[in-house]
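Data file: input_0.txt. Format and content: compact mmCIF, C-alpha atoms.
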```txt
# COMPACT_ATOMS: atom_id res chain seq x y z
CA MET A 1 0.00 0.00 0.00
CA CYS A 2 2.77 2.44 0.95
CA ALA A 3 4.84 1.64 -2.14
CA THR A 4 1.79 2.23 -4.37
CA LEU A 5 1.18 5.59 -2.72
CA ILE A 6 4.81 6.61 -3.25
CA ARG A 7 4.64 5.59 -6.94
CA LEU A 8 1.41 7.54 -7.38
CA CYS A 9 2.89 10.69 -5.79
CA THR A 10 6.03 10.35 -7.91
CA CYS A 11 4.01 10.03 -11.11
CA LEU A 12 1.84 12.98 -10.15
CA GLY A 13 4.93 15.09 -9.40
CA LEU A 14 6.54 14.19 -12.73
CA LEU A 15 3.30 15.00 -14.53
CA LEU A 16 3.17 18.44 -12.88
CA LEU A 17 6.82 19.06 -13.73
CA SER A 18 6.20 18.26 -17.37
CA PHE A 19 3.73 21.14 -17.65
CA SER A 20 6.62 23.60 -17.34
CA SER A 21 7.91 22.35 -20.69
CA PHE A 22 4.88 23.97 -22.34
CA ALA A 23 6.04 27.44 -21.28
CA ALA A 24 6.89 29.43 -24.37
CA ILE A 25 10.02 31.48 -24.56
CA GLU A 26 9.98 34.17 -27.21
CA VAL A 27 13.18 34.58 -29.13
CA HIS A 28 13.41 37.51 -31.50
CA GLU A 29 16.31 38.00 -33.85
CA PHE A 30 17.45 41.56 -34.47
CA ASP A 31 19.99 42.86 -36.96
CA ASN A 32 21.97 44.78 -34.34
CA ASP A 33 22.29 45.38 -30.63
CA VAL A 34 20.71 48.84 -30.84
CA ASP A 35 17.42 47.37 -32.07
CA ARG A 36 17.57 44.66 -29.41
CA GLN A 37 18.12 47.31 -26.74
CA ARG A 38 15.24 49.43 -28.09
CA TYR A 39 12.95 46.38 -27.98
CA GLN A 40 13.98 45.60 -24.40
CA THR A 41 13.41 49.21 -23.35
CA PHE A 42 9.94 49.23 -24.91
CA ILE A 43 8.79 46.01 -23.27
CA ASP A 44 10.15 47.20 -19.91
CA GLU A 45 8.50 50.63 -20.08
CA MET A 46 5.14 49.72 -21.58
CA ARG A 47 2.30 48.36 -19.51
CA CYS A 48 0.14 45.40 -20.53
CA PRO A 49 -3.41 46.64 -21.26
CA LYS A 50 -4.92 43.51 -19.72
CA CYS A 51 -2.72 43.01 -16.66
CA GLN A 52 -2.80 45.48 -13.81
CA ASN A 53 0.63 47.07 -13.34
CA GLN A 54 2.72 44.55 -15.25
CA ASN A 55 4.99 45.50 -18.07
CA LEU A 56 5.01 43.70 -21.41
CA ALA A 57 8.15 41.78 -20.44
CA GLY A 58 6.63 40.38 -17.25
CA THR A 59 3.38 38.86 -18.52
CA ASN A 60 2.36 36.05 -20.82
CA SER A 61 -1.13 37.29 -21.62
CA PRO A 62 -2.15 36.96 -25.28
CA ILE A 63 -2.41 40.73 -25.74
CA ALA A 64 1.13 41.20 -24.39
CA GLU A 65 2.43 38.57 -26.79
CA ASP A 66 0.71 40.38 -29.67
CA LEU A 67 2.17 43.71 -28.58
CA ARG A 68 5.67 42.27 -28.30
CA ARG A 69 5.32 40.79 -31.78
CA GLU A 70 4.03 44.14 -33.09
CA LEU A 71 7.00 45.91 -31.49
CA VAL A 72 9.41 43.55 -33.25
CA PHE A 73 7.77 44.28 -36.62
CA MET A 74 7.80 48.02 -36.05
CA ILE A 75 11.46 48.05 -34.99
CA LYS A 76 12.47 45.91 -37.97
CA ASP A 77 10.49 48.23 -40.28
CA GLY A 78 12.67 51.10 -39.07
CA LYS A 79 10.02 53.08 -37.19
CA SER A 80 11.32 55.70 -34.79
CA ASP A 81 10.73 55.55 -31.04
CA LYS A 82 8.26 58.42 -31.28
CA GLU A 83 6.28 56.67 -34.00
CA ILE A 84 6.10 53.47 -31.97
CA VAL A 85 5.00 55.25 -28.80
CA ASP A 86 2.45 57.34 -30.69
CA PHE A 87 1.00 54.19 -32.29
CA MET A 88 0.70 52.41 -28.94
CA VAL A 89 -0.84 55.44 -27.20
CA GLU A 90 -3.29 55.96 -30.06
CA ARG A 91 -4.35 52.34 -29.89
CA TYR A 92 -4.38 51.76 -26.09
CA GLY A 93 -4.34 55.21 -24.53
CA GLU A 94 -1.94 56.76 -22.02
CA PHE A 95 -2.47 53.75 -19.73
CA ILE A 96 0.09 51.77 -21.71
CA LEU A 97 2.90 54.11 -20.65
CA TYR A 98 4.34 53.79 -17.16
CA ARG A 99 5.43 57.42 -17.43
CA PRO A 100 2.59 59.20 -19.22
CA ARG A 101 3.37 62.27 -21.25
CA LEU A 102 2.52 65.72 -19.94
CA SER A 103 -0.76 66.78 -21.53
CA PRO A 104 -3.95 68.49 -20.37
CA ALA A 105 -5.42 65.07 -19.58
CA THR A 106 -2.47 64.08 -17.37
CA LEU A 107 -1.81 67.49 -15.82
CA LEU A 108 -3.51 66.50 -12.57
CA LEU A 109 -1.47 63.30 -12.45
CA TRP A 110 1.80 65.20 -12.72
CA GLY A 111 0.75 68.27 -10.72
CA ALA A 112 -0.93 66.60 -7.73
CA PRO A 113 2.29 65.49 -5.97
CA VAL A 114 3.83 68.95 -6.27
CA PHE A 115 0.61 70.62 -5.10
CA LEU A 116 0.30 68.26 -2.12
CA LEU A 117 3.93 68.82 -1.13
CA VAL A 118 3.56 72.62 -1.21
CA PHE A 119 0.23 72.40 0.64
CA GLY A 120 1.81 70.18 3.33
CA VAL A 121 4.75 72.53 3.87
CA ILE A 122 2.42 75.55 4.15
CA MET A 123 0.20 73.72 6.67
CA LEU A 124 3.24 72.67 8.70
CA LEU A 125 4.51 76.26 8.83
CA LEU A 126 1.09 77.57 9.89
CA ILE A 127 0.80 74.98 12.67
CA VAL A 128 4.31 75.75 13.97
CA ARG A 129 3.59 79.52 13.96
CA LYS A 130 0.31 79.05 15.80
CA ARG A 131 1.92 76.87 18.47
CA ARG A 132 4.72 79.39 19.03
CA ARG A 133 2.15 82.17 19.51
CA LEU A 134 0.24 80.02 22.00
CA ASP A 135 3.43 79.23 23.92
CA VAL A 136 4.32 82.93 24.15
CA ALA A 137 0.77 83.81 25.24
CA VAL A 138 0.79 81.14 27.96
CA ASP A 139 4.17 82.25 29.34
CA ALA A 140 3.17 85.93 29.39
CA GLY A 141 -0.11 85.27 31.24
CA LEU A 142 1.34 84.01 34.56
CA SER A 143 1.67 86.29 37.55
CA SER A 144 4.64 86.08 39.92
CA THR A 145 2.71 84.03 42.52
CA GLU A 146 1.51 81.65 39.80
CA ARG A 147 5.08 81.23 38.59
CA GLU A 148 6.26 80.42 42.13
CA ARG A 149 3.43 77.92 42.54
CA LEU A 150 4.28 76.36 39.19
CA ALA A 151 7.96 76.14 40.12
CA SER A 152 7.10 74.48 43.43
CA LEU A 153 4.90 71.92 41.64
CA LEU A 154 7.49 71.16 38.99
CA ASN A 155 10.40 71.01 41.43
CA PRO A 156 9.04 69.31 44.55
CA PRO A 157 10.90 69.90 47.82
CA SER A 158 13.12 67.14 49.14
CA ASN A 159 11.42 66.65 52.51
CA LYS A 160 7.79 66.40 53.59
CA GLU A 161 7.79 69.47 55.83
CA THR A 162 8.67 71.78 53.00
CA ALA A 163 5.82 70.27 50.97
CA LYS A 164 3.38 70.89 53.83
CA ASN A 165 4.59 74.49 54.12
CA ALA A 166 4.10 75.03 50.39
CA ASP A 167 0.58 73.62 50.59
CA LYS A 168 -0.27 75.88 53.52
CA LYS A 169 1.12 78.85 51.66
CA SER A 170 -0.94 78.07 48.57
CA LYS A 171 -4.10 77.71 50.67
CA GLN A 172 -3.44 81.07 52.26
CA GLU A 173 -2.98 82.67 48.84
CA LYS A 174 -6.29 81.30 47.64
CA GLN A 175 -8.16 82.84 50.61
```
Would you mind giving the structure from this file in structure tokens?
Amino acid sequence: MCATLIRLCTCLGLLLLSFSSFAAIEVHEFDNDVDRQRYQTFIDEMRCPKCQNQNLAGTNSPIAEDLRRELVFMIKDGKSDKEIVDFMVERYGEFILYRPRLSPATLLLWGAPVFLLVFGVIMLLLIVRKRRRLDVAVDAGLSSTERERLASLLNPPSNKETAKNADKKSKQEKQ
């Protein structure tokens, strides 16, 4: 019974391992290293329209395979980088670019971080100024007896008799 179970697990494991042989590896031949580097840059910097936040190099979705194949054809046809990017943006929108171009549609995307940073610094400065004013107002509002009382509370005497005397003195001041 145990030997049969071991054989079954071994066969199942080998069957699962064989599925990795079906993984396709795309190999594209280019005439020179510049074209190969351009292709690699494009697939690293363009996002798959189907997959959320994956570039064309990191996904095996059918649309990504089609786009990689289209990139190879466009590079071999001698299209410029601008022509390739314009074609992809026209077909799939700004979403395909990890770094969208500055345009009226993406102005909020590019401007929001700068606006939030400036807004945060201004708010921080206003809060610090307000606290400094409050600290100055609190320090200026104490009379001499209140300052002595505060000093006695913050720096307690070393023995109990002095504490009793301070309490008696404060009670007399209140009356």
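Atom CA of A:Leu97 to atom CA of A:Cys48 spans 9.1 Å [interatomic distance, one decimal].
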Using all atoms listed in the file, determine which residues lie at most 10 Å from stretch 30-44 of chain A, disregarding the query and same-chain residues fewer than 3 positions distant; provide the list as JSON, numbers by chain. {"A": [27, 47, 48, 54, 55, 56, 57, 58, 64, 67, 68, 71, 72, 74, 75, 76, 78, 80, 81, 84, 85, 97, 98]}
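Checking A:Ile122, A:Ala151, A:Leu16, A:Met46 one by one against A:Gly93, counting only C-alpha atoms, you find the shortest gap at A:Met46.
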Atom CA of A:Val118 to atom CA of A:Ser103: how many Å, to one decimal? 21.6 Å
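Between atom CA of A:Leu109 and atom CA of A:Glu94 lies a distance of 11.6 Å.
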Across A:Phe95, A:Ala3, A:Ser144, A:Leu134, the smallest distance to A:Asn53, with all atoms listed in the file counted, is shown by A:Phe95
